[in-house]
Structure formats: C-alpha cells, structure tokens
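Source file input.csv; content: CSV, C-alpha atoms.
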chain,number,residue,atom,x,y,z
A,1,MET,CA,0.0,0.0,0.0
A,2,SER,CA,1.4,3.4,-1.0
A,3,THR,CA,1.7,6.2,1.6
A,4,LYS,CA,1.1,8.8,-1.1
A,5,ASP,CA,-2.3,7.5,-1.9
A,6,PRO,CA,-4.9,10.3,-1.0
A,7,ILE,CA,-7.2,7.8,0.7
A,8,THR,CA,-4.4,6.6,3.0
A,9,VAL,CA,-3.4,10.2,3.9
A,10,VAL,CA,-6.9,11.2,4.7
A,11,GLY,CA,-7.4,8.0,6.8
A,12,VAL,CA,-4.2,8.6,8.8
A,13,LEU,CA,-5.2,12.3,9.3
A,14,ALA,CA,-8.7,11.3,10.5
A,15,THR,CA,-7.3,8.7,12.9
A,16,VAL,CA,-4.9,11.3,14.4
A,17,LEU,CA,-7.6,13.9,14.8
A,18,LEU,CA,-10.1,11.5,16.3
A,19,SER,CA,-7.5,10.2,18.8
A,20,ALA,CA,-6.6,13.8,19.8
A,21,GLY,CA,-10.3,14.6,20.2
A,22,GLY,CA,-10.9,11.5,22.4
A,23,ALA,CA,-7.9,12.3,24.5
A,24,MET,CA,-9.2,15.9,25.0
A,25,LEU,CA,-12.6,14.5,26.1
A,26,TYR,CA,-11.1,12.2,28.7
A,27,LEU,CA,-8.4,14.5,30.0
A,28,THR,CA,-10.6,17.5,30.9
A,29,PRO,CA,-9.7,19.2,34.2
A,30,ALA,CA,-11.7,18.3,37.3
A,31,PRO,CA,-14.4,20.8,38.3
A,32,GLN,CA,-13.3,23.2,41.1
A,33,PRO,CA,-15.1,22.6,44.4
A,34,VAL,CA,-17.5,25.4,45.6
A,35,GLN,CA,-16.2,27.0,48.8
A,36,PRO,CA,-18.8,27.1,51.6
A,37,GLN,CA,-20.0,30.5,52.7
A,38,GLU,CA,-19.6,31.5,56.3
A,39,ALA,CA,-22.7,32.5,58.3
A,40,VAL,CA,-22.9,36.1,59.4
A,41,ILE,CA,-24.9,37.2,62.4
A,42,ILE,CA,-26.0,40.8,61.9
A,43,ASN,CA,-26.5,43.2,64.8
A,44,PRO,CA,-29.4,45.5,63.7
A,45,PHE,CA,-27.8,48.4,65.5
A,46,LYS,CA,-24.4,48.4,63.8
A,47,GLU,CA,-23.4,49.0,60.2
A,48,LEU,CA,-23.2,45.9,58.0
A,49,PRO,CA,-19.8,44.3,57.4
A,50,PRO,CA,-18.3,44.6,53.9
A,51,VAL,CA,-19.5,41.9,51.6
A,52,LYS,CA,-17.0,39.6,50.0
A,53,PRO,CA,-17.2,39.6,46.2
A,54,ALA,CA,-18.8,36.4,44.9
A,55,PRO,CA,-16.7,34.1,42.7
A,56,PRO,CA,-17.6,34.3,39.0
A,57,PRO,CA,-20.5,32.0,38.2
A,58,THR,CA,-19.7,28.7,36.5
A,59,PRO,CA,-21.9,27.5,33.7
A,60,ALA,CA,-24.1,24.7,35.0
A,61,THR,CA,-27.4,23.0,34.3
A,62,PRO,CA,-30.3,25.2,35.5
A,63,LYS,CA,-31.9,24.0,38.7
A,64,PRO,CA,-35.7,23.9,39.1
A,65,VAL,CA,-37.0,27.1,40.7
A,66,PRO,CA,-38.3,26.5,44.2
A,67,PRO,CA,-41.1,28.7,45.5
A,68,LEU,CA,-40.1,32.2,46.4
A,69,LEU,CA,-41.0,32.0,50.1
A,70,SER,CA,-38.8,28.9,50.7
A,71,VAL,CA,-35.9,30.6,48.9
A,72,ILE,CA,-36.1,33.6,51.2
A,73,ILE,CA,-36.4,31.4,54.3
A,74,ASP,CA,-33.5,29.2,53.2
A,75,THR,CA,-31.2,32.1,52.4
A,76,LEU,CA,-32.0,34.6,55.1
A,77,PRO,CA,-31.8,33.7,58.7
A,78,LEU,CA,-34.8,35.9,59.6
A,79,PRO,CA,-34.5,35.7,63.4
A,80,THR,CA,-30.9,36.9,63.4
A,81,LEU,CA,-31.7,39.8,61.0
A,82,VAL,CA,-34.2,41.5,63.3
A,83,PRO,CA,-34.3,39.8,66.7
A,84,ALA,CA,-37.4,40.2,68.9
A,85,LEU,CA,-36.3,42.4,71.8
A,86,SER,CA,-38.0,42.4,75.2
A,87,ASP,CA,-39.2,45.5,76.9
A,88,ALA,CA,-36.1,45.6,79.1
A,89,ASP,CA,-33.9,45.4,76.0
A,90,LEU,CA,-35.9,48.1,74.3
A,91,ALA,CA,-35.5,50.4,77.3
A,92,LYS,CA,-31.7,50.0,77.1
A,93,LEU,CA,-31.7,51.4,73.5
A,94,SER,CA,-31.3,55.0,72.6
A,95,PRO,CA,-34.3,56.7,70.9
A,96,ALA,CA,-32.4,56.6,67.5
A,97,GLU,CA,-31.7,52.9,68.0
A,98,ARG,CA,-35.4,52.2,68.8
A,99,ARG,CA,-36.5,54.1,65.7
A,100,ARG,CA,-34.1,52.1,63.6
A,101,TYR,CA,-35.2,48.8,65.2
A,102,GLU,CA,-38.8,49.6,64.6
A,103,ALA,CA,-38.1,50.7,61.0
A,104,MET,CA,-36.2,47.4,60.4
A,105,ARG,CA,-39.0,45.3,61.9
A,106,GLN,CA,-41.6,47.2,59.8
A,107,SER,CA,-39.6,46.7,56.6
A,108,LEU,CA,-39.2,43.0,57.3
A,109,GLN,CA,-43.0,42.7,57.9
A,110,ASN,CA,-43.6,44.5,54.6
A,111,VAL,CA,-41.3,42.2,52.7
A,112,LEU,CA,-42.9,39.1,54.2
A,113,GLN,CA,-46.3,40.5,53.3
A,114,GLN,CA,-45.3,41.0,49.7
A,115,VAL,CA,-43.8,37.5,49.5
A,116,GLN,CA,-47.0,36.0,50.9
A,117,THR,CA,-49.1,38.1,48.3
A,118,LEU,CA,-46.8,36.9,45.5
A,119,GLU,CA,-47.1,33.3,46.6
A,120,GLN,CA,-50.9,33.6,46.6
A,121,GLU,CA,-50.9,35.2,43.2
A,122,ASN,CA,-48.5,32.4,41.9
A,123,THR,CA,-50.9,29.7,43.2
A,124,HIS,CA,-53.9,31.5,41.6
A,125,LEU,CA,-52.0,31.7,38.3
A,126,GLN,CA,-51.0,28.0,38.4
A,127,HIS,CA,-54.7,27.1,39.0
A,128,THR,CA,-55.7,29.3,36.0
A,129,LEU,CA,-53.1,27.6,33.8
A,130,GLU,CA,-54.3,24.1,34.9
A,131,SER,CA,-57.9,25.0,34.1
A,132,GLY,CA,-56.9,26.5,30.8
A,133,ASP,CA,-55.1,23.3,29.9
A,134,ALA,CA,-58.1,21.3,30.8
A,135,THR,CA,-60.3,23.5,28.6
A,136,ALA,CA,-57.9,23.2,25.7
A,137,GLN,CA,-57.9,19.5,26.1
A,138,GLN,CA,-61.7,19.4,26.0
A,139,LEU,CA,-61.8,21.6,22.9
A,140,ASN,CA,-59.3,19.4,21.2
A,141,THR,CA,-61.4,16.3,21.8
A,142,GLU,CA,-64.5,18.2,20.4
A,143,ILE,CA,-62.5,19.2,17.3
A,144,ASN,CA,-61.3,15.7,16.8
A,145,LYS,CA,-64.9,14.4,17.0
A,146,LEU,CA,-66.0,17.0,14.3
A,147,ARG,CA,-63.2,16.0,11.9
A,148,PRO,CA,-64.1,13.4,9.3
A,149,PRO,CA,-62.2,10.1,9.6
A,150,LYS,CA,-59.1,9.7,7.5
A,151,PRO,CA,-59.5,7.4,4.5
A,152,PRO,CA,-57.5,4.1,4.8
A,153,MET,CA,-54.1,4.0,3.1
A,154,PRO,CA,-53.9,1.8,0.0
Would you mind writing the file out in structure tokens?
Amino acid sequence: MSTKDPITVVGVLATVLLSAGGAMLYLTPAPQPVQPQEAVIINPFKELPPVKPAPPPTPATPKPVPPLLSVIIDTLPLPTLVPALSDADLAKLSPAERRRYEAMRQSLQNVLQQVQTLEQENTHLQHTLESGDATAQQLNTEINKLRPPKPPMP
C-alpha cells in the first residue's frame, strides 16, 4: 500500500484527529469545588460588614426554581436579622436605635407580606393555567370528534 495514496493520507489524518479529540474528552480538568460561605450574624444596630465579592459563576445546568418563600427562608436567617427584643432590651436602647429597630421590623414585615401576596398570586395563576389546559384538552377532543375520519391508506 502506497503512503502517497490520498485515501491513505486522509485515513491517517482522520485517525490522528479522532485520537486527539478523544484524549481531550477524557483528560478534561476536574471541576473546582465550591467554597462554603460563612454564616454572618447581623446586629441590627451596627453597620453591615463589607460583603466579599462572589466568585464568577460557572456554567451549569439550571436548577428547578423553588417557591419564592422557601428561597427567602433558606437564604436569610430571619430571626438573626431583626431579633425580637424584650421591653427591658428596648428600654436600654437610645431613641435613635429604637426608631431604627422599629423601621427594620416594619420593613421585614412589609417584605414578608409582599412575599405572601406573590405566593398567593402564583398559586392562583397556576390554577388558572391548569384550568386553561383542561379547557384546551376538551376543545381538542371536540374538534377531533367533528373532523371526518381519514381514509385508509392503500
């Protein structure tokens, strides 16, 4: 067999390219582990600590979206953000700290109210979609009943 034959040259070149591609597939670097984030307990009467910049996002498969309320509950430790203070603790605070504390509690209540409203609206919209799907399915069965039967194939 001649080495100058074009078919032989193309075959050898294809073999080399396929081998290199296979090696690249099996020799990819291992994914970098995600570093755990440290928990931060926030004192509502002091300034917030500086936030560390997040590492650049890595492309990954999208995760299913959990309900909004569970995301907020899982990501924010609500009791540590605005702790419930007793009357004795409130008496120890200065008037400015008391106003800030009440403003923070009111803000948290407003956000939780908005989340609850959005959850209810989401549930209502899901029910509307389900009823729309059921109606569309009924209409499709009615349309199929009205269509003439297809003639048999010869």
* Rounded to one decimal place, report the atom CA of Asp133 of chain A-atom CA of Leu146 of chain A distance in Å. =>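 One can read the atom CA of Asp133 of chain A to atom CA of Leu146 of chain A distance as 20.0 Å.
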* Rounded to one decimal place, report the atom CA of Leu85 of chain A-atom CA of Val115 of chain A distance in Å. =>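 Computed distance, atom CA of Leu85 of chain A to atom CA of Val115 of chain A, equals 24.0 Å.
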* Work out how far apart atom CA of Pro95 of chain A and atom CA of Val111 of chain A are and give it in Å to one decimal. =>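 Interatomic distance here is 24.3 Å.
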